[in-house]
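The next block holds one structure in the form of structure tokens; read it before the comments.
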Amino acid sequence: MRPQPDFIHEFVPGTSNRSLLLLHGTGGNERDLIPLGRELDPDAALLSPRGKVLENGMPRFFRRLAEGVFDLEDLKNRTNELADFVAAAAQHYGFAADNVVAAGYSNGANIAASMLLLRPEILSAAVLFRAMVPLVPDTRPNLSAVRVWIGAGTNDPIIPTSETKQLAELLRGAGADVTMRFFQAGHELTPADVEAAREWLML
């Protein structure tokens with residue numbers, strides 16, 4: 001029996017009580033971030049779903065109207081669907097529902113940020129590579145128990161540094177403990193990103 005609501009996904013059991021929710025970028029799939037998850041925490045369980053929205057045949061986690069312009073209703077619905085999936089998967093696979101850390105890249109980082117803002121009970125922490133402000137919630141969540149690491153590229157052609165800072169301010173305003181790092185990079189993920197995120201995660 002697969003968890004409901006269903007996502008095509010990979011699950012890799014771990015030896016610790018931490019689970020990483022791996023969320024790919026546009027055009028990725030459920031296998032893409034498994035190696036990244038192992039680099040970030042070799043002991044954690046890994047849950048890696050495939051986004052259900054197709055944009056020109058490329059999987060994403062929610063619709064966008066243009067680059068950087070999100071379909072907010074779809075984003076809210078998809079965020080809740082993904083949050084419900086994580087809760088169902090925790091029951092199905094038997095991992096601790098109170099120690100799930102999102103590790104998302106680009107589109108995956110954006111839906112992870114949306115989950116922090118709309119369904120804060122799902123995640124204990126988040127690693128956000130190349131994220132932007134997904135939405136501003138009607139009600140500010142309480143993220144006082146949540147740690148967030150944000151990795152941004154100083155030369156990112158898609159996400160200006162001001163957007164990254166706005167996301168950090170939004171999460172801090174909700175009480176999150178936010179670490180923000182800028183790297184000499186574009187939108188791509190770099191070894192320096194991964195190493196810094198791994199060190200932060202292991203603190």
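FYI, nothing fancy with the structure tokens labels: chains A, B, ... in order, residues from 1 per chain, ligands from 1 as they appear.
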I'd like a table as a tab-separated table: residues in range 100-174 of chain A with an atom no more than 12 Å from range 32-39 of chain A, each row giving the shortest atom pair and its distance in Å to one decimal, only C-alpha atoms counted, sorted by chain and rising residue number.
residue	atom	partner	partner_atom	distance
A:Val101	CA	A:Gly37	CA	10.5
A:Ala102	CA	A:Gly37	CA	10.0
A:Ala103	CA	A:Gly37	CA	7.7
A:Gly104	CA	A:Leu33	CA	8.7
A:Tyr105	CA	A:Leu33	CA	8.9
A:Gly108	CA	A:Leu33	CA	10.5
A:Val127	CA	A:Gly37	CA	10.8
A:Phe129	CA	A:Leu36	CA	11.6
field: DSSP helix (DSSP H, G or I) selection over range 54-175 of chain A, as a count of residues only
entry: 47
message: Which residue is closest to Asp41 in chain A? Choose from A:Leu201, A:Val53, A:Ala168, A:Leu189 and count only C-alpha atoms.
response: A:Leu201
query: Between A:Leu171, A:Ala66, A:Ala145, A:Leu128, which one has atoms that come closest to Ile158 in chain A, using only C-alpha atoms?
result: A:Ala66
message: One decimal, in Å: what's the spacing between CA of Ala44 in chain A and CA of Ala88 in chain A?
response: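 These atoms are spaced 18.2 Å apart.
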